[in-house]
Structure formats: C-alpha cells, structure tokens
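Undergrad: Quick one: the structure is below, and I'll ask about it shortly.
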Amino acid sequence: MYTRLLFPTDGSDPARAALEYALDVAADHDATLHVLTVADTNQDSLTRIGGQVVDVLESAGREVVDEAVDRADARGVETVSAVLQGDPAKTIVDYADEYDIDLVVMPTHGRTGLTRVFLGSVTERVVGAATVPVVVVTPEEDREFVYPPRTVLVATDGSAAAGLALESGIALARATGAALHLLHVVETASLGFDVRSAVASEEFDQRADEILTEAVARAEDAGVDVVTRSTAHGRPYREIRSYLTDNEVDLVSLGVHGETDFSRSVLGGVATKIVRSSPVPVLLRREPDDVDS
C-alpha cells in the first residue's frame, strides 16, 4: 500500500515520538522512509544575518536527520535523508511531489526558536496543500499508538473530501486486516424544537442512511467485509471524539477542504479540533482544487 513515506522532523521530542509511528508504518509495509529537515530561511533574522547562520542551521539539521536515520537502521527500515532550505510547509509539499511520496507522517507540533518554526501551523499548511495523504500524530507520554491498526474509523459526511478519506480508510483496512467503522454525525445543535426541526431531523437521518449505505457498498466492493456503520446526533467534533474512545479505534480518517495557500492555516473546524486532541493518529485527505471541474 505504501512504498515511500516522508517524515519531516525538527528533532523535537514530539517529532522523535512521531518517528516511532512512522517507523512502524514503514516496517509493516516494507517501505522506504524519507527523513527531511527544513531550515526555515524565510525568517527575517536569518535574512539580515546572512548565509553563515543558514550553514549552521543546515549542520544542526544534518544531526537531526542522522539521529532519525540511525533509529531507522536499528529497525531495519531503508531510508533516504535530506536537509533543505526554504519555507518548511512548501518545501515538505514540494518534496512529497518530487519523490512520489505515498504518505506523509507528521507530529502536530514541534519546537520554535531561531532554527525554524515547526508548529501546528506548518502541519496544517502541509495538509492544506499536499496531494497525498497525511497522517498527523499527537505524541503524549501516556499514549501508545498501534500500527498496523486493529480498527479504522472513517467519519463521512458524503462530501468529495470525505470520499477521499473513505478511499484511504478502505485501502488501509484491506491492507492491514483492520475492522472498518463508518460514522456519520447528524448535527442537531442548530435545530430548534418546532415541527419544522422534526421534519428536518427526519430528512437528515434519511440522508445519513444513504451516505452510510453507499460507503458500506464501496467497502464491500473493495473486499472489506468487517464493516460497522453508525449514525450519531450532536456536534460532529464531540461525537467523533467520543466514538474514538468508546470503540478503541486505532486510526481515524477525515476529509479536509483545503487550499494551496501557504500563507495561512487551512484545516476546517472539525478537523482542527480532532487533530489537536485525538488520542489516535489522524489520516487526512485534502479535496483537490479541481474537484468540481
């Protein structure tokens, strides 16, 4: 399923923890892991000081990359390493395109300072522009991530982006033998208590059934037999988050309506909340720019 993985790292503790997950994925699929560090040359301070500081950053980046490569070697994972200059998010996306990367694995946050900025903003910008799936990991001391996953959840609303997330979830379940769970959340927060809201709620439930029936059919056509479908009512973020913990899910796949705009964060409200608090890795698929053309 995956032959080339990309792991961007800044050497921070969250990145080191996320590396273990990336190595688990690479080892399970016998994939090559590309390890990349980007020296952020867009910072004004670096521009004023000049190239000598950039050389220092590249030297520090090489140490970070070498450490990750050593850990991969110990796991028997083949690696390709690179230290590049530029805008971190754009450089990561361009690298993924140039080297035909199948999957990017990133932590939600890293360190800040003179070297580079590798916060959630970078991760969000990568998700919002990448043409390949991105798995985002939120490392915490009390969390142990499982790969290959035993249970994969796809949260779907029937959109084009959710269709891509479903595609990835099905492929992952088929490749790993994981049980596939499908969830649609009917958002009821905006509904009142009059007759019109009752009619609307019935229509939403009917639409939910149609979305889930189509999703189950796609999974079964792909050879995935273990499929659990559920409809929840409430706020999507809260219901998805509850489902993750109540059903011991190991990975959740979500669609994102992104833009190729590196100047800002592009994750949607639900995806942002899930990414920043999920107890499990989140696989994100961006809707292509020309999806309606």
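Letters A, B, ... go to the chains of the structure tokens in the order shown; residues in each chain start at 1; ligands are counted from 1 in the same order.
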Report as a ChimeraX atom specification all protein, DNA and RNA residues lying within 9 Å of A:Phe145, evaluated on only C-alpha atoms, omitting residues in the same chain fewer than 3 positions from it.

TA: /A:21,137,139,149,250-251,279-281

Undergrad: Keeping only N, CA, C and O atoms, write the selected residues as a compact mmCIF listing (two decimals), in the first residue's frame.

TA:
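Writing done, so here's selection_7.txt:
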# COMPACT_ATOMS: atom_id res chain seq x y z
N TYR A 21 6.17 5.98 15.24
CA TYR A 21 4.98 5.58 14.49
C TYR A 21 5.30 5.47 13.01
O TYR A 21 4.89 4.52 12.35
N VAL A 137 0.19 12.88 14.04
CA VAL A 137 0.30 12.18 15.31
C VAL A 137 0.47 13.21 16.43
O VAL A 137 1.27 14.14 16.29
N PRO A 139 1.81 13.18 19.91
CA PRO A 139 2.50 12.37 20.93
C PRO A 139 2.23 12.88 22.35
O PRO A 139 2.30 14.08 22.61
N PRO A 149 -3.16 -0.93 12.44
CA PRO A 149 -4.35 -0.68 13.26
C PRO A 149 -5.26 -1.90 13.30
O PRO A 149 -5.34 -2.67 12.35
N ASP A 250 -7.96 2.74 16.45
CA ASP A 250 -6.52 2.96 16.37
C ASP A 250 -6.12 4.05 15.38
O ASP A 250 -5.00 4.56 15.43
N LEU A 251 -7.02 4.41 14.46
CA LEU A 251 -6.74 5.47 13.48
C LEU A 251 -8.06 5.98 12.94
O LEU A 251 -8.99 5.20 12.72
N PRO A 279 -6.80 11.02 20.45
CA PRO A 279 -5.94 10.07 21.16
C PRO A 279 -5.27 9.09 20.22
O PRO A 279 -4.46 8.26 20.65
N VAL A 280 -5.61 9.15 18.92
CA VAL A 280 -5.04 8.24 17.93
C VAL A 280 -4.57 9.05 16.73
O VAL A 280 -5.00 10.19 16.52
N PRO A 281 -3.70 8.50 15.88
CA PRO A 281 -3.29 9.19 14.67
C PRO A 281 -4.48 9.51 13.76
O PRO A 281 -5.44 8.74 13.69

Undergrad: Given only C-alpha atoms, how would the per-residue table for stretch 26-106 of chain A near stretch 155-174 of chain A read, listing every residue at most 12 Å away with its closest atom pair and distance in Å to one decimal, sorted by chain and number, as JSON lines?

TA:
{"residue": "A:Asp28", "atom": "CA", "partner": "A:Leu172", "partner_atom": "CA", "distance": 11.8}
{"residue": "A:His29", "atom": "CA", "partner": "A:Leu172", "partner_atom": "CA", "distance": 10.9}
{"residue": "A:Asp102", "atom": "CA", "partner": "A:Ser168", "partner_atom": "CA", "distance": 11.2}
{"residue": "A:Leu103", "atom": "CA", "partner": "A:Ser168", "partner_atom": "CA", "distance": 10.6}

Undergrad: With N, CA, C and O atoms kept, could you save the residues just selected as a short mmCIF file (atom, residue, chain, number, x, y, z; two decimals), in the first residue's frame?

TA:
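Wrote it out as again-v6.cif, contents follow:
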data_model
loop_
_atom_site.label_atom_id
_atom_site.label_comp_id
_atom_site.auth_asym_id
_atom_site.auth_seq_id
_atom_site.Cartn_x
_atom_site.Cartn_y
_atom_site.Cartn_z
N ASP A 28 6.01 -2.17 8.55
CA ASP A 28 4.89 -3.06 8.23
C ASP A 28 4.68 -3.18 6.73
O ASP A 28 4.29 -4.24 6.24
N HIS A 29 4.96 -2.11 5.99
CA HIS A 29 4.73 -2.11 4.54
C HIS A 29 6.02 -2.29 3.75
O HIS A 29 5.99 -2.20 2.51
N ASP A 102 4.02 8.43 -0.95
CA ASP A 102 2.68 7.86 -0.80
C ASP A 102 1.97 8.35 0.46
O ASP A 102 0.74 8.39 0.52
N LEU A 103 2.76 8.69 1.48
CA LEU A 103 2.18 9.07 2.77
C LEU A 103 3.17 9.95 3.51
O LEU A 103 4.35 9.65 3.57
#

Undergrad: Which residues, written as a list in words, have at least one atom at most 8 Å from A:Val64, with only C-alpha atoms counted and residues fewer than 4 positions away on the same chain left out?

TA: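 With the cut-off at 8 Å, the set is Thr9, Asp10, Gly11, Thr37, Ala60 and Ala68 of chain A.
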
Undergrad: Residues of stretch 81-173 of chain A classed as strand (DSSP E or B) by DSSP on the backbone are to be reported as an MDAnalysis selection string.

TA: chainID A and resid 81:86 103:107 134:137 151:155

Undergrad: Compile the contact shell of A:Leu183 as a VMD selection string: residues with an atom at most 6 Å away, counting only C-alpha atoms, same-chain residues fewer than 6 positions apart removed.

TA: chain A and resid 155 229 to 231

Undergrad: Suppose we keep N, CA and C atoms; can you now write the selection as an mmCIF file, in the first residue's frame?

TA:
data_model
loop_
_atom_site.group_PDB
_atom_site.id
_atom_site.type_symbol
_atom_site.label_atom_id
_atom_site.label_comp_id
_atom_site.auth_asym_id
_atom_site.auth_seq_id
_atom_site.Cartn_x
_atom_site.Cartn_y
_atom_site.Cartn_z
ATOM 1 N N ALA A 155 -14.930 8.967 9.323
ATOM 2 C CA ALA A 155 -16.054 9.860 9.584
ATOM 3 C C ALA A 155 -16.434 10.512 8.264
ATOM 4 N N ARG A 229 -21.363 0.328 10.780
ATOM 5 C CA ARG A 229 -21.883 1.646 10.428
ATOM 6 C C ARG A 229 -22.673 2.208 11.593
ATOM 7 N N SER A 230 -22.512 3.524 11.812
ATOM 8 C CA SER A 230 -23.193 4.174 12.934
ATOM 9 C C SER A 230 -23.596 5.587 12.555
ATOM 10 N N THR A 231 -24.713 6.022 13.117
ATOM 11 C CA THR A 231 -25.158 7.403 12.988
ATOM 12 C C THR A 231 -25.239 8.000 14.383
#

Undergrad: What is the distance between atom CA of A:Thr79 and atom CA of A:Gly177, in Å to one decimal?

TA: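 So the two atoms, atom CA of A:Thr79 and atom CA of A:Gly177, lie 26.1 Å apart.
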
Undergrad: Using only C-alpha atoms, what table do you get, as a Markdown table, when you list each residue of stretch 202-247 of chain A with an atom no more than 10 Å from stretch 270-274 of chain A, its nearest pair of atoms, and their distance in Å rounded to one decimal, rows by chain then rising number?

TA:
| residue | atom | partner | partner_atom | distance |
| --- | --- | --- | --- | --- |
| A:Arg235 | CA | A:Val270 | CA | 9.1 |
| A:Pro236 | CA | A:Val270 | CA | 6.8 |
| A:Tyr237 | CA | A:Val270 | CA | 5.3 |
| A:Arg238 | CA | A:Ile274 | CA | 8.8 |
| A:Ile240 | CA | A:Ile274 | CA | 8.0 |
| A:Arg241 | CA | A:Ile274 | CA | 6.9 |

Undergrad: With distances taken over only C-alpha atoms, which of A:Val126, A:Leu6, A:Val93, A:Val105 is nearest to A:Val80?

TA: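 Of A:Val126, A:Leu6, A:Val93, A:Val105, the one nearest A:Val80, counting only C-alpha atoms, is A:Leu6.
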